[in-house]
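Following: one structure in C-alpha cells, then a few remarks.
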Amino acid sequence: MRFLEDKEVVLGVSGGIAAYRAADLCRLLGQEGARVQVIMTQKAQEFITPLTLGSLTGQPVLTEMFQPLNPRPYHIDVARKAQLFLIAPATANVIARLAAGMADDLLTATALAVDCPRLLAPAMNANMYKNPAVQENLALLSRRGWVIVEPEEGPLLSGAVGKGRLARLEKILAYCRRSLAPKDYEGLKVLVTAGGTREPLDPVRYIGNYSSGKMGHALAQAAWERGAQVTLVTASQLPVPYGVEAVWVETAGEMKREVEERFPHVHIVIKAAAVGDFTPDSVHSQKIKRKGGEWNLRLVPTPDILAALGRNKSYQIVVGFAAETENMVENALKKLREKGLDMIVANDVSSPEGGFGSDYNKVTIITSEGYREELPLLPKLEVAHAVLNAIITLSRFRSLASRKEE
Ligand code: PMT
C-alpha cells in the first residue's frame with residue numbers, strides 16, 4: 001500500500017537554513033507517487049529558489065496570495081485540493097503565526113483553509129526551540145490537530161549541539177504515510193518479533209540463521225503507519241522504523257523473556273522472527289582453539305516461544321510465520337494447530353526471489369477459521385499490509401460471529 005500514491009500534498013517551506021532540505025523532500029514525496037504543490041514564504045526564497053523546488057515537483061511554486069493574471073486567491077483553490085498539508089521546515093515565526101491564527105501570507109492563509117491532515121516539522125536554533133513561547137505554540141497547535149514531527153538533536157548551524165535540526169526526511173515521510181493510512185489499528189497494541197536469533201558457542205562464534213529482519217521490521221512499520229502502538233522485539237541490526245519502540249535481543253532465551261513480559265499488555269502478536277530451534281548445552285567463556293581434531297557440539301532445544309503464547313492467550317490474536325522448504329501449506333497447518341495459533345503465514349523459503357534476506361516474499365495466509373489467501377511475490381511491506389488486513393478481517397469476523405451467538 002503506497003499511501004502517498006496520487007495524493008495532493010501541499011508542502012509549505014518557511015525561511016530557515018533547513019529550507020534547502022525541502023528539495024530532497026520534494027523528490028522523495030514524488031518518488032512515493034505524490035503530486036506536490038510547494039508554497040514558499042518570502043524568507044524561504046532567500047535560502048532556496050522557487051525554480052529549484054518547481055523543477056523537482058514539475059509544478060510552479062506559489063509565493064503570493066494574488067497574481068495579476070489570476071484574480072482568484074490561491075489559498076482557497078490550493079486548500080480545496082490538498083489531501084495532506086505539510087510545513088517543513090517550520091520556523092518559530094511561522095509556528096507563532098499559525099498558533100495566532102494569522103493569515104498574512106499565502107502559507108498561513110492556506111493553513112487556515114485546509115481540511116486535511118496537517119503536519120509540521122520545526123527546525124530552528126536549540127534555544128529558540130526550547131523557548132516556552134515556541135513550546136506553548138506547538139502544544140496549542142498539537143491540541144488543534146496538527147501533528148508535530150519533532151526536530152532532532154545534533155550539531156546546529158551555530159556550532160552548538162542541541163535539539164532543533166529538521167527531522168530526518170525518512171521520518172517526515174513516515175509521518176506523511178501514517179497521516180494518510182487507514183486508522184484501523186488505532187488503539188491497538190501490537191508486538192512484532194523480527195530477525196534471526198544467535199546462540200553463542202564461545203565469545204567469537206554463534207549458531208544463527210539467514211533472517212535479516214526485513215519481514216518483521218516491515219510489519220512493525222506497517223502497523224505503526226495504520227495507527228498501532230508497536231513494540232518490536234528484534235534480533236536484527238536493521239534500523240528501527242519510526243515511531244516503533246524497539247527491544248534488541250540476541251538469543252531465543254532473551255526473545256522469550258522480552259516477549260512474555262509484554263504479552264499480557266498487547267492485543268496482537270506477530271512472530272516473524274526466525275528463532276533458533278537449538279542452542280549449545282554450554283557456552284565456552286574463552287575462544288575455542290583448533291586442536292586438529294573434531295569438535296562435537298551438543299545442542300539442546302530452545303523453548304518454543306510461540307507455542308507458549310498460543311497456550312496462554314486470552315483475548316490476544318497470535319500470528320506465527322512458518323518458514324518451509326517443502327509441503328508448505330500442510331506443514332504450516334500443522335504448526336497452526338499444534339501451537340494454538342489464530343493465524344499462520346506460510347512462507348516458501350525455497351524460492352530464490354523471496355524469503356530470507358530478500359526485499360520480497362511469497363506467502364499464504366491461513367487462519368484457524370479456515371480462511372486461506374495465497375499472495376503473489378510482493379515487496380515485504382506489501383506482504384505486511386496484507387497480513388494486517390487479514391488480522392483485521394479475522395477480528396471483525398470473530399466479533400460478528402460472537403454477536404450472532406448472543
Ligand atoms: O527476516 P527476513 O530476512 O526478512 O526473512 C523473513 C523470514 C523468512 C524469516 C520470515 O518471513 C519467516 O518465515 N519467519 C519465521 C521463521 C521460522 O522460524 O519459522 P519456523 O517454521 O521455524 O517457526 C514457526 C514459528 O514459531 C515462527 O513464528 C517462529 O517465530 C516461532 N518459533 C520457532 C521456534 C521457537 N523456538 N520459538 C518460536 O517462537
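As shown in the C-alpha cells, the chain order sets the letters A, B, ...; within each chain, residues go from 1, and ligands are also counted from 1 in the order they appear.
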
Excluding range 155-165 of chain A and any residue of its chain fewer than 2 positions from it, enumerate the residues within 8 Å of it, using only C-alpha atoms, and give them as a list in words.
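The neighbour list is Ala18, Pro122, Ala123, Met124, Asn125, Ala126, Tyr129, Pro151, Glu152, Glu153 and Ala167 of chain A.
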
May I have the residues from that selection written out with C-alpha atoms, as an mmCIF file, in the first residue's frame?
data_model
loop_
_atom_site.group_PDB
_atom_site.id
_atom_site.type_symbol
_atom_site.label_atom_id
_atom_site.label_comp_id
_atom_site.auth_asym_id
_atom_site.auth_seq_id
_atom_site.Cartn_x
_atom_site.Cartn_y
_atom_site.Cartn_z
ATOM 1 C CA ALA A 18 16.852 23.812 6.601
ATOM 2 C CA PRO A 122 10.009 22.545 13.150
ATOM 3 C CA ALA A 123 13.654 23.497 12.574
ATOM 4 C CA MET A 124 15.485 26.232 14.469
ATOM 5 C CA ASN A 125 18.219 27.035 16.945
ATOM 6 C CA ALA A 126 18.074 24.809 20.061
ATOM 7 C CA TYR A 129 13.153 25.555 20.123
ATOM 8 C CA PRO A 151 13.254 18.009 15.378
ATOM 9 C CA GLU A 152 16.364 16.021 16.198
ATOM 10 C CA GLU A 153 19.385 16.539 18.415
ATOM 11 C CA ALA A 167 13.774 15.735 11.491
#

What does the list of residues within 7 Å of ligand 1 look like if you count only C-alpha atoms and all ligand atoms, written as a count of residues only?
36

Would you please work out which residue, of A:Val192, A:Leu69, A:Cys26, A:Thr367, is nearest to Phe397 in chain A when using only C-alpha atoms?
A:Thr367

Just list the residues in range 119-343 of chain A DSSP gives strand (DSSP E) on the backbone, as an NGL selection string.
:A and (119-122 or 147-148 or 152-155 or 161-165 or 189-194 or 199-202 or 205-207 or 229-234 or 245-248 or 268-271 or 278-280 or 299-301 or 317-324 or 343)

Just list the residues in range 64-180 of chain A DSSP gives alpha helix (DSSP H) on the backbone, as a VMD selection string.
chain A and resid 74 to 81 92 to 99 106 to 113 126 to 130 132 to 143 169 to 180

Would you mind listing what lies within 8 Å of Glu373 in chain A as a compact mmCIF listing (two decimals) with N, CA and C atoms, in the first residue's frame, with only C-alpha atoms counted and same-chain residues fewer than 5 positions away left out?
# COMPACT_ATOMS: atom_id res chain seq x y z
N THR A 364 1.41 -17.57 1.97
CA THR A 364 -0.01 -17.92 2.01
C THR A 364 -0.48 -17.69 3.44
N ILE A 365 -1.56 -16.91 3.57
CA ILE A 365 -2.08 -16.60 4.91
C ILE A 365 -3.20 -17.60 5.21
N ILE A 366 -3.10 -18.23 6.39
CA ILE A 366 -4.12 -19.23 6.76
C ILE A 366 -4.61 -18.91 8.18
